[in-house]
Amino acid sequence: MTNKGQLISTVAVEKLPYSSERLFDYIVPHHLENDIAVGMRVIVPFGGGNRGRIAYVIALRRECDVPDNFKYIKSIQDKEPVVSQELIDCAEFVSSHCFCSFYESIKAMLPAGISYNIKTCYSLIDFMPDADISPVCRDILTMLKNNKALLSLDDIQGAFDCDISKDIAYLIKIKAICEVDDASRKIKDATIKSIRLISDSTDGVKLTPKQQQVFDLLLACESASVKEICYYTGVTQAVCDSLVKKSLAEYFDEETFRIPDAGEEVVETNKNLVLNDEQSVAFNNLVGLYCDDKPHVSLLYGVTGSGKTSVFMKLIDRVNEDGRGIIVMVPEISLTPQMVSTFKGRYGENVAVFHSGLSMGERMDEWKRVKSGKARIAIGTRSAVFAPFDDIGLIIIDEEQEHTYKSERSPRFHARDVAKFRCSRHNSLLLLASATPSVESMYFAKTGRYSLNVLKNRFGDAVLPDVITADMNIELENGNRTAFSSPLLEGIEYNLENGKQSIILLNRRGHNTYVSCRHCGKIVNCPNCSVSMTYHSANNRLMCHYCGYSAKFEKKCPLCSSPDGLRLSGTGTQRAELDLADIFPEARILRLDADSTLKKNSHARLLSAFARGEYDILLGTQMVAKGLNFPNVTLVGVLSADNVLYGNDFRSYERAFSLITQVVGRSGRGNSRGIAIIQTKTPESPVIDLASRQDYDSFFETDIKMRRAMLYPPFSDLCFVVFTGENKKEVYSSAVSFSKELCEVASTDYPELPLRVLGPAPAVMPRINNKYRYKLILKFKSSSRFRQMMSGLLKKFDKDLSGRDISIYADINPENVI
């Protein structure tokens, strides 16, 4: 940069409501000009009180005529940028498409442990020994004088019985003390005490044999941890202390990384993977796209057990040869351990892991390993899409149809959209893979927007399982009132006798799914939400799975006060586990749901135990349905398939088809033929019929016709505008006002935009955590003009509604019904 003019930094500031979202300009003080760079964090004075706030440097420029009202940056928090220019551009993309602040978008890209908290502290300026001040003020000055560290208001207040806020204000006024913004990291860097030579000569210094041994070792390796020195030479730390005292060496803190324990044994893989003909065709096509030096999106559509992971690995081998970054995403934490153990067996420490099950320190260190180039393969859930690679060659999204790739909290991004953006910037390949691709992805593949590669057959000698549909109406007529059909019980018994394993899917956790009164007939609902309470036998409590409210279970009805009126109904995973144990007392049963996997690495430990044959039956929610590979599983049972079939939005059939197809595909993946049993009260359902036949193509053709007729994605985009607040009438009134203004603005200022507005109407869950919810549904075609219109309206209403305790947000193409 030239030395002409003042250096100006454009920054994104924290804690801004969306109504105030914009970038701000600050002057960079001369003494900081050589240290600042785009992507660093700084502290800036903000607002009328000039309180310090964290901000990210988005751009730097020089100006000769700087307005008088520009403020100066206070300090720089980083020695090097924490976000690259490409990730800053990505944050701008997320901010504009998800209607959130720029800062919020960048924050979502970084591990929580690396963020800073600013605390206002106080520093002594003048002790003022002769000043006529109160005893409390004198004690405060003495306290600040005697403490080397900065003290916060809470630190000082703790030493006094009275309120000292007025005394602090007075001391600031007379300039005895001053406020200082103290920024502290949530998680500190992990370090280890190390030693290195500061002189390579021992001339004039007499060393003992042990000291000479350590000196020679350091001369050979330059530096080492004290722990390593003691281990390899057999000396104590006192020998190292002697070298430091003799000015031959010095101690320093060397950064180390907290490597997460996946909880699962590393699986050594065959380095020379052999692909079959179908896999080879797909692999060659994908390598061709990768080598094209242009951004591409490809869909790998293969039946369950067709060997998509082998294609992944061969492709990763090819990209890894070029030294480029690779991101592999899976939809569930439960799928990460198996994938990580396989990949670490093949690529060793070159693999970093990203998911919410890690500690804050582990997440931060895995991020740093990628950023520093120590790991070139990032595996994880949705957050892995932001892995800080400087050069991305390949992004893989496995089970790409899963709703978990869409964030339900701000910023409400879809990992697939972010992956497309990053691949476009790096001229890299995005590979979407699934046995049941999303209808949108298959449509784009069939119409040429994506390339398509198909694996029609299972790998090796494995074949798709035989599928039986069990009519639970007939079971009930025959006197079977359990949650398990006769064919399923017979299959489990056969597997127990023959040393085979079984997987049972029940997508309802808890013991009983609802509680009702046999006298008044009412269902016990959560007092805070529009949902029934679920009974959990482990703690004998009724629990709400939305707000967390719980109450001790009692027989007395809280609604009609009838004693012994309450009865437990419906079957959850806890009850199914107990029922199975009663029917098969010799069976070893493993339950896998949100309640049984609360501990760290519990997914990995439990699944590893099942893989080793320590359990006969794996019973769980949807986390057992996808991506798992257990060759000894020859039976899969789907309980209450109707629960996933009848939802409240246009994706219900797609989700049901995908879940049933995926779990059926867990059976018969080894040398033994598998069987799957789908239990339903609507065996005539075409979705269940197609899922039982694993006929995705016919399902797609049926569903795409409905979407075309109803103008659903991929033929339009959907925007849900949601209003929440404690006053039901005001929330509804706000939604009506927004709808009216939206229609006026669209017709007047944006007449060219294709737009349909539905509602307002109550959300599917009208009340959550004592807040009422209304929604508008917009059908539109995504464009910069639409985003411009929506951003203006959202900012206006966000500002107008803030004083009425009503919040508003927009969610583009949500995966789950709102």
# chains A, B, ... in the order shown; residues from 1 in each chain; ligands from 1

call {"tool": "select_by_dssp", "arguments": {"residues": "range 418-604 of chain A", "states": "strand (DSSP E or B)", "output": "VMD selection string"}}
result
chain A and resid 429 to 434 451 to 455 466 to 471 501 to 505 512 514 to 517 523 525 532 534 to 536 541 to 543 550 to 552 566 to 569 589 to 592

call {"tool": "residues_around", "arguments": {"residues": "range 98-112 of chain A", "least_positions_apart": "2", "cutoff": "6 Å", "atoms": "only C-alpha atoms", "output": "list in words"}}
result
Ala12, Glu14, Tyr18, Glu21, Ala91, Val94, Ser95, Ser96, Ile114, Ser115, Met364, Phe386 and Arg412 of chain A

call {"tool": "write_last_selection", "arguments": {"atoms": "N, CA and C atoms", "output": "CSV table (one decimal), in the first residue's frame"}}
result
chain,number,residue,atom,x,y,z
A,12,ALA,N,-17.4,-5.8,10.0
A,12,ALA,CA,-18.7,-6.3,10.4
A,12,ALA,C,-18.7,-6.4,11.9
A,14,GLU,N,-20.2,-7.1,15.8
A,14,GLU,CA,-21.1,-8.1,16.5
A,14,GLU,C,-22.3,-7.5,17.1
A,18,TYR,N,-30.9,-7.4,12.9
A,18,TYR,CA,-31.0,-7.4,11.4
A,18,TYR,C,-31.4,-6.1,10.9
A,21,GLU,N,-28.4,-3.9,10.3
A,21,GLU,CA,-27.3,-4.6,9.6
A,21,GLU,C,-26.7,-3.8,8.5
A,91,ALA,N,-19.4,-15.7,3.3
A,91,ALA,CA,-20.2,-15.1,4.4
A,91,ALA,C,-21.2,-14.0,3.8
A,94,VAL,N,-24.0,-16.0,2.2
A,94,VAL,CA,-24.9,-16.5,3.3
A,94,VAL,C,-25.7,-15.4,3.8
A,95,SER,N,-25.1,-14.3,4.1
A,95,SER,CA,-25.8,-13.2,4.7
A,95,SER,C,-27.0,-12.7,3.8
A,96,SER,N,-26.7,-12.6,2.5
A,96,SER,CA,-27.7,-12.1,1.6
A,96,SER,C,-28.8,-13.1,1.3
A,114,ILE,N,-12.9,-20.3,19.5
A,114,ILE,CA,-11.9,-19.3,19.1
A,114,ILE,C,-12.5,-17.9,19.2
A,115,SER,N,-13.8,-17.8,19.6
A,115,SER,CA,-14.4,-16.5,19.7
A,115,SER,C,-13.9,-15.8,20.9
A,364,MET,N,-11.9,-26.6,18.0
A,364,MET,CA,-11.0,-25.5,17.7
A,364,MET,C,-9.7,-26.1,17.1
A,386,PHE,N,-17.6,-25.5,6.1
A,386,PHE,CA,-16.9,-24.2,6.3
A,386,PHE,C,-15.4,-24.5,6.6
A,412,ARG,N,-29.8,-19.5,8.5
A,412,ARG,CA,-30.5,-20.7,8.0
A,412,ARG,C,-30.1,-21.1,6.6

call {"tool": "residues_around", "arguments": {"residues": "Glu86 in chain A", "least_positions_apart": "6", "cutoff": "10 Å", "atoms": "only C-alpha atoms", "output": "MDAnalysis selection string"}}
result
chainID A and resid 92 388:391 421:422 425:426

call {"tool": "write_last_selection", "arguments": {"atoms": "N, CA, C and O atoms", "output": "PDB file, in the first residue's frame"}}
result
ATOM      1  N   GLU A  92     -20.694 -13.275   2.811  1.00  0.00           N
ATOM      2  CA  GLU A  92     -21.571 -12.310   2.141  1.00  0.00           C
ATOM      3  C   GLU A  92     -22.702 -13.041   1.413  1.00  0.00           C
ATOM      4  O   GLU A  92     -23.860 -12.610   1.432  1.00  0.00           O
ATOM      5  N   PRO A 388     -11.622 -24.531   6.743  1.00  0.00           N
ATOM      6  CA  PRO A 388     -10.851 -23.414   6.190  1.00  0.00           C
ATOM      7  C   PRO A 388      -9.714 -23.819   5.254  1.00  0.00           C
ATOM      8  O   PRO A 388      -8.549 -23.449   5.458  1.00  0.00           O
ATOM      9  N   PHE A 389     -10.029 -24.561   4.215  1.00  0.00           N
ATOM     10  CA  PHE A 389      -9.020 -24.914   3.211  1.00  0.00           C
ATOM     11  C   PHE A 389      -8.757 -23.718   2.300  1.00  0.00           C
ATOM     12  O   PHE A 389      -9.681 -22.996   1.919  1.00  0.00           O
ATOM     13  N   ASP A 390      -7.492 -23.545   1.919  1.00  0.00           N
ATOM     14  CA  ASP A 390      -7.144 -22.498   0.958  1.00  0.00           C
ATOM     15  C   ASP A 390      -7.422 -22.944  -0.478  1.00  0.00           C
ATOM     16  O   ASP A 390      -7.637 -22.110  -1.357  1.00  0.00           O
ATOM     17  N   ASP A 391      -7.407 -24.254  -0.699  1.00  0.00           N
ATOM     18  CA  ASP A 391      -7.622 -24.784  -2.051  1.00  0.00           C
ATOM     19  C   ASP A 391      -8.452 -26.063  -1.944  1.00  0.00           C
ATOM     20  O   ASP A 391      -7.933 -27.110  -1.563  1.00  0.00           O
ATOM     21  N   PHE A 421     -21.348 -22.816  -3.697  1.00  0.00           N
ATOM     22  CA  PHE A 421     -20.647 -21.539  -3.757  1.00  0.00           C
ATOM     23  C   PHE A 421     -19.140 -21.743  -3.642  1.00  0.00           C
ATOM     24  O   PHE A 421     -18.361 -21.196  -4.440  1.00  0.00           O
ATOM     25  N   ARG A 422     -18.709 -22.542  -2.667  1.00  0.00           N
ATOM     26  CA  ARG A 422     -17.277 -22.728  -2.453  1.00  0.00           C
ATOM     27  C   ARG A 422     -16.641 -23.452  -3.647  1.00  0.00           C
ATOM     28  O   ARG A 422     -15.521 -23.127  -4.055  1.00  0.00           O
ATOM     29  N   ARG A 425     -15.927 -21.095  -6.440  1.00  0.00           N
ATOM     30  CA  ARG A 425     -14.755 -20.246  -6.215  1.00  0.00           C
ATOM     31  C   ARG A 425     -13.442 -21.013  -6.383  1.00  0.00           C
ATOM     32  O   ARG A 425     -12.423 -20.422  -6.732  1.00  0.00           O
ATOM     33  N   HIS A 426     -13.465 -22.306  -6.114  1.00  0.00           N
ATOM     34  CA  HIS A 426     -12.238 -23.105  -6.183  1.00  0.00           C
ATOM     35  C   HIS A 426     -12.139 -23.935  -7.461  1.00  0.00           C
ATOM     36  O   HIS A 426     -11.191 -24.706  -7.614  1.00  0.00           O
TER      37      HIS A 426
END

call {"tool": "residues_around", "arguments": {"residues": "Ser165 in chain A", "least_positions_apart": "6", "cutoff": "12 Å", "atoms": "only C-alpha atoms", "output": "VMD selection string"}}
result
chain A and resid 136 to 137 140 152 to 154 156 to 157 171 to 172

call {"tool": "closest_residue", "arguments": {"among": "A:His414, A:Asp697, A:Arg518, A:Arg673", "to": "Lys446 in chain A", "atoms": "only C-alpha atoms"}}
result
A:Asp697

call {"tool": "residues_around", "arguments": {"residues": "Ala378 in chain A", "least_positions_apart": "2", "cutoff": "9 Å", "atoms": "only C-alpha atoms", "output": "list of chain:residue names"}}
result
A:Gly325, A:Ile326, A:Ile327, A:Val328, A:Met329, A:Asn350, A:Val351, A:Ala352, A:Val353, A:Phe354, A:Glu366, A:Val370, A:Ala375, A:Arg376, A:Gly380, A:Ala384, A:Val385, A:Ala387

call {"tool": "write_last_selection", "arguments": {"atoms": "N, CA, C and O atoms", "output": "tab-separated table (two decimals), in the first residue's frame"}}
result
chain	number	residue	atom	x	y	z
A	325	GLY	N	-7.58	-29.66	-0.79
A	325	GLY	CA	-8.44	-29.95	0.34
A	325	GLY	C	-9.68	-30.74	-0.07
A	325	GLY	O	-10.20	-30.57	-1.18
A	326	ILE	N	-10.16	-31.57	0.85
A	326	ILE	CA	-11.30	-32.45	0.59
A	326	ILE	C	-12.25	-32.36	1.79
A	326	ILE	O	-11.83	-32.48	2.94
A	327	ILE	N	-13.53	-32.16	1.53
A	327	ILE	CA	-14.55	-32.12	2.57
A	327	ILE	C	-15.53	-33.25	2.32
A	327	ILE	O	-16.06	-33.40	1.21
A	328	VAL	N	-15.77	-34.06	3.35
A	328	VAL	CA	-16.74	-35.16	3.27
A	328	VAL	C	-17.78	-34.93	4.36
A	328	VAL	O	-17.43	-34.88	5.55
A	329	MET	N	-19.05	-34.80	3.97
A	329	MET	CA	-20.10	-34.54	4.94
A	329	MET	C	-21.05	-35.72	5.07
A	329	MET	O	-21.38	-36.37	4.07
A	350	ASN	N	-4.06	-37.32	8.40
A	350	ASN	CA	-4.46	-36.33	7.39
A	350	ASN	C	-5.95	-36.01	7.48
A	350	ASN	O	-6.46	-35.19	6.72
A	351	VAL	N	-6.65	-36.65	8.42
A	351	VAL	CA	-8.10	-36.50	8.55
A	351	VAL	C	-8.42	-35.66	9.78
A	351	VAL	O	-7.92	-35.92	10.87
A	352	ALA	N	-9.26	-34.64	9.60
A	352	ALA	CA	-9.78	-33.83	10.71
A	352	ALA	C	-11.28	-34.06	10.80
A	352	ALA	O	-11.95	-34.32	9.80
A	353	VAL	N	-11.82	-33.92	12.01
A	353	VAL	CA	-13.23	-34.23	12.27
A	353	VAL	C	-13.96	-32.97	12.72
A	353	VAL	O	-13.47	-32.22	13.57
A	354	PHE	N	-15.15	-32.75	12.16
A	354	PHE	CA	-15.97	-31.58	12.51
A	354	PHE	C	-17.38	-32.05	12.86
A	354	PHE	O	-18.12	-32.51	11.99
A	366	GLU	N	-9.12	-29.04	15.68
A	366	GLU	CA	-9.32	-29.66	14.37
A	366	GLU	C	-9.40	-28.58	13.29
A	366	GLU	O	-8.87	-28.74	12.19
A	370	VAL	N	-6.67	-28.01	10.04
A	370	VAL	CA	-7.02	-27.80	8.63
A	370	VAL	C	-6.43	-26.49	8.13
A	370	VAL	O	-5.83	-26.43	7.06
A	375	ALA	N	-3.94	-31.13	8.09
A	375	ALA	CA	-4.96	-32.11	7.66
A	375	ALA	C	-5.58	-31.61	6.37
A	375	ALA	O	-5.92	-30.43	6.26
A	376	ARG	N	-5.69	-32.50	5.38
A	376	ARG	CA	-6.25	-32.10	4.09
A	376	ARG	C	-7.61	-32.73	3.82
A	376	ARG	O	-8.20	-32.47	2.77
A	380	GLY	N	-17.25	-34.54	8.55
A	380	GLY	CA	-18.14	-34.10	9.62
A	380	GLY	C	-19.54	-33.86	9.15
A	380	GLY	O	-19.92	-34.20	8.02
A	384	ALA	N	-18.92	-28.85	8.69
A	384	ALA	CA	-17.68	-29.16	7.96
A	384	ALA	C	-17.60	-28.42	6.63
A	384	ALA	O	-16.51	-28.28	6.07
A	385	VAL	N	-18.73	-27.94	6.12
A	385	VAL	CA	-18.72	-27.25	4.83
A	385	VAL	C	-17.89	-25.98	4.89
A	385	VAL	O	-17.44	-25.47	3.86
A	387	ALA	N	-14.93	-25.76	6.45
A	387	ALA	CA	-13.54	-26.10	6.75
A	387	ALA	C	-12.61	-25.13	6.02
A	387	ALA	O	-12.76	-24.92	4.81

call {"tool": "closest_residue", "arguments": {"among": "A:Leu801, A:Ala149, A:Ser784, A:Cys719", "to": "Leu758 in chain A", "atoms": "only C-alpha atoms"}}
result
A:Cys719

call {"tool": "residues_around", "arguments": {"residues": "Leu566 in chain A", "least_positions_apart": "4", "cutoff": "12 Å", "atoms": "only C-alpha atoms", "output": "list in words"}}
result
Tyr514, Val515, Ser516, Cys517, Arg518, His519, Cys520, Gly521, Lys522, Ile523, Val524, Tyr535, Leu542, Phe553, Glu554, Lys555, Lys556, Cys557, Pro558, Leu559, Cys560, Ser561 and Ser562 of chain A

call {"tool": "write_last_selection", "arguments": {"atoms": "N, CA and C atoms", "output": "compact mmCIF listing (two decimals), in the first residue's frame"}}
result
# COMPACT_ATOMS: atom_id res chain seq x y z
N TYR A 514 -47.65 -40.73 24.22
CA TYR A 514 -48.60 -39.76 24.76
C TYR A 514 -49.31 -40.36 25.96
N VAL A 515 -49.93 -39.46 26.77
CA VAL A 515 -50.64 -39.85 27.97
C VAL A 515 -52.05 -39.26 27.90
N SER A 516 -53.07 -40.09 28.13
CA SER A 516 -54.45 -39.62 28.05
C SER A 516 -55.24 -40.09 29.26
N CYS A 517 -56.38 -39.47 29.48
CA CYS A 517 -57.25 -39.82 30.61
C CYS A 517 -58.38 -40.71 30.11
N ARG A 518 -58.58 -41.83 30.78
CA ARG A 518 -59.62 -42.78 30.37
C ARG A 518 -61.01 -42.27 30.72
N HIS A 519 -61.10 -41.19 31.52
CA HIS A 519 -62.40 -40.67 31.92
C HIS A 519 -62.82 -39.47 31.07
N CYS A 520 -61.96 -38.44 31.03
CA CYS A 520 -62.33 -37.25 30.24
C CYS A 520 -61.87 -37.35 28.79
N GLY A 521 -60.97 -38.29 28.51
CA GLY A 521 -60.51 -38.50 27.14
C GLY A 521 -59.49 -37.51 26.65
N LYS A 522 -59.10 -36.55 27.50
CA LYS A 522 -58.13 -35.53 27.08
C LYS A 522 -56.70 -36.07 27.13
N ILE A 523 -55.88 -35.52 26.24
CA ILE A 523 -54.45 -35.86 26.22
C ILE A 523 -53.68 -34.82 27.01
N VAL A 524 -52.71 -35.26 27.79
CA VAL A 524 -51.90 -34.34 28.60
C VAL A 524 -50.88 -33.66 27.69
N TYR A 535 -43.92 -39.90 27.88
CA TYR A 535 -43.51 -40.54 29.13
C TYR A 535 -42.16 -41.22 28.95
N LEU A 542 -42.96 -37.13 32.70
CA LEU A 542 -43.51 -36.70 31.42
C LEU A 542 -42.62 -35.57 30.91
N PHE A 553 -44.62 -38.17 36.70
CA PHE A 553 -45.84 -38.86 36.26
C PHE A 553 -46.66 -39.30 37.46
N GLU A 554 -47.94 -38.95 37.43
CA GLU A 554 -48.88 -39.40 38.46
C GLU A 554 -50.14 -39.89 37.77
N LYS A 555 -50.84 -40.79 38.43
CA LYS A 555 -52.05 -41.37 37.85
C LYS A 555 -53.20 -40.37 37.80
N LYS A 556 -53.22 -39.39 38.71
CA LYS A 556 -54.31 -38.42 38.78
C LYS A 556 -54.29 -37.51 37.57
N CYS A 557 -55.47 -37.37 36.93
CA CYS A 557 -55.56 -36.53 35.73
C CYS A 557 -55.48 -35.07 36.12
N PRO A 558 -54.57 -34.28 35.55
CA PRO A 558 -54.46 -32.86 35.89
C PRO A 558 -55.59 -32.02 35.32
N LEU A 559 -56.40 -32.62 34.43
CA LEU A 559 -57.46 -31.87 33.76
C LEU A 559 -58.82 -32.06 34.44
N CYS A 560 -59.15 -33.33 34.75
CA CYS A 560 -60.46 -33.58 35.38
C CYS A 560 -60.33 -34.06 36.81
N SER A 561 -59.07 -34.17 37.30
CA SER A 561 -58.78 -34.58 38.68
C SER A 561 -59.24 -36.00 39.00
N SER A 562 -59.48 -36.80 37.98
CA SER A 562 -59.89 -38.18 38.21
C SER A 562 -58.71 -38.99 38.74

call {"tool": "select_by_dssp", "arguments": {"residues": "range 66-117 of chain A", "states": "alpha helix (DSSP H)", "output": "number ranges by chain"}}
result
A: 85-98, 102-109

call {"tool": "write_last_selection", "arguments": {"atoms": "N, CA, C and O atoms", "output": "short mmCIF file (atom, residue, chain, number, x, y, z; two decimals), in the first residue's frame"}}
result
data_model
loop_
_atom_site.label_atom_id
_atom_site.label_comp_id
_atom_site.auth_asym_id
_atom_site.auth_seq_id
_atom_site.Cartn_x
_atom_site.Cartn_y
_atom_site.Cartn_z
N GLN A 85 -10.22 -14.54 2.27
CA GLN A 85 -11.07 -13.72 1.42
C GLN A 85 -12.21 -14.55 0.83
O GLN A 85 -13.35 -14.08 0.71
N GLU A 86 -11.92 -15.81 0.50
CA GLU A 86 -12.98 -16.67 -0.06
C GLU A 86 -14.07 -16.92 0.96
O GLU A 86 -15.27 -16.91 0.62
N LEU A 87 -13.73 -17.11 2.23
CA LEU A 87 -14.75 -17.32 3.25
C LEU A 87 -15.49 -16.03 3.56
O LEU A 87 -16.67 -16.05 3.93
N ILE A 88 -14.83 -14.89 3.43
CA ILE A 88 -15.53 -13.61 3.58
C ILE A 88 -16.57 -13.46 2.47
O ILE A 88 -17.71 -13.05 2.71
N ASP A 89 -16.19 -13.82 1.25
CA ASP A 89 -17.15 -13.80 0.14
C ASP A 89 -18.29 -14.78 0.39
O ASP A 89 -19.46 -14.50 0.08
N CYS A 90 -17.95 -15.92 0.97
CA CYS A 90 -18.96 -16.92 1.31
C CYS A 90 -19.91 -16.38 2.37
O CYS A 90 -21.13 -16.61 2.31
N ALA A 91 -19.37 -15.65 3.33
CA ALA A 91 -20.21 -15.06 4.38
C ALA A 91 -21.17 -14.03 3.79
O ALA A 91 -22.33 -13.93 4.21
N GLU A 92 -20.69 -13.28 2.81
CA GLU A 92 -21.57 -12.31 2.14
C GLU A 92 -22.70 -13.04 1.41
O GLU A 92 -23.86 -12.61 1.43
N PHE A 93 -22.38 -14.18 0.78
CA PHE A 93 -23.39 -15.00 0.11
C PHE A 93 -24.43 -15.50 1.11
O PHE A 93 -25.64 -15.40 0.88
N VAL A 94 -23.97 -16.03 2.25
CA VAL A 94 -24.89 -16.55 3.27
C VAL A 94 -25.74 -15.42 3.84
O VAL A 94 -26.96 -15.57 4.02
N SER A 95 -25.12 -14.29 4.11
CA SER A 95 -25.85 -13.16 4.69
C SER A 95 -26.97 -12.69 3.79
O SER A 95 -28.09 -12.44 4.24
N SER A 96 -26.70 -12.57 2.49
CA SER A 96 -27.71 -12.05 1.57
C SER A 96 -28.79 -13.08 1.26
O SER A 96 -29.95 -12.71 1.05
N HIS A 97 -28.45 -14.36 1.26
CA HIS A 97 -29.44 -15.40 0.91
C HIS A 97 -30.24 -15.87 2.12
O HIS A 97 -31.33 -16.44 1.94
N CYS A 98 -29.71 -15.67 3.33
CA CYS A 98 -30.39 -16.17 4.54
C CYS A 98 -30.91 -15.05 5.41
O CYS A 98 -31.45 -15.31 6.49
N PHE A 102 -23.86 -9.95 8.56
CA PHE A 102 -22.57 -10.38 8.03
C PHE A 102 -21.76 -11.06 9.13
O PHE A 102 -21.15 -12.12 8.94
N TYR A 103 -21.76 -10.43 10.32
CA TYR A 103 -21.00 -10.98 11.45
C TYR A 103 -21.50 -12.37 11.81
O TYR A 103 -20.72 -13.28 12.07
N GLU A 104 -22.82 -12.53 11.83
CA GLU A 104 -23.42 -13.81 12.18
C GLU A 104 -22.99 -14.91 11.20
O GLU A 104 -22.75 -16.05 11.58
N SER A 105 -22.88 -14.54 9.92
CA SER A 105 -22.45 -15.50 8.90
C SER A 105 -21.01 -15.94 9.13
O SER A 105 -20.69 -17.13 9.04
N ILE A 106 -20.13 -15.00 9.44
CA ILE A 106 -18.73 -15.36 9.71
C ILE A 106 -18.62 -16.19 10.98
O ILE A 106 -17.89 -17.18 11.03
N LYS A 107 -19.36 -15.81 12.00
CA LYS A 107 -19.32 -16.53 13.28
C LYS A 107 -19.69 -18.00 13.09
O LYS A 107 -19.13 -18.88 13.75
N ALA A 108 -20.65 -18.28 12.20
CA ALA A 108 -21.09 -19.66 11.95
C ALA A 108 -19.98 -20.50 11.32
O ALA A 108 -20.02 -21.73 11.39
N MET A 109 -19.00 -19.85 10.70
CA MET A 109 -17.92 -20.57 10.03
C MET A 109 -16.79 -20.99 10.97
O MET A 109 -15.97 -21.83 10.61
#

call {"tool": "residues_around", "arguments": {"residues": "range 230-244 of chain A", "least_positions_apart": "3", "cutoff": "8 Å", "atoms": "only C-alpha atoms", "output": "count of residues only"}}
result
13

call {"tool": "closest_residue", "arguments": {"among": "A:Ser451, A:Thr621, A:Ser372, A:Gln574", "to": "Asp593 in chain A", "atoms": "only C-alpha atoms"}}
result
A:Thr621

call {"tool": "atom_distance", "arguments": {"atom1": "CA of Thr469 in chain A", "atom2": "CA of Gly668 in chain A"}}
result
17.3 Å

call {"tool": "atom_distance", "arguments": {"atom1": "CA of Gln662 in chain A", "atom2": "CA of Ala581 in chain A"}}
result
25.9 Å

call {"tool": "atom_distance", "arguments": {"atom1": "CA of Ile76 in chain A", "atom2": "CA of Val42 in chain A"}}
result
4.4 Å

call {"tool": "closest_residue", "arguments": {"among": "A:Tyr712, A:Met789, A:Pro762, A:Ser667", "to": "Tyr750 in chain A", "atoms": "only C-alpha atoms"}}
result
A:Met789

call {"tool": "closest_residue", "arguments": {"among": "A:Glu254, A:Glu477, A:Asp203, A:Glu402", "to": "Gln622 in chain A", "atoms": "only C-alpha atoms"}}
result
A:Glu402
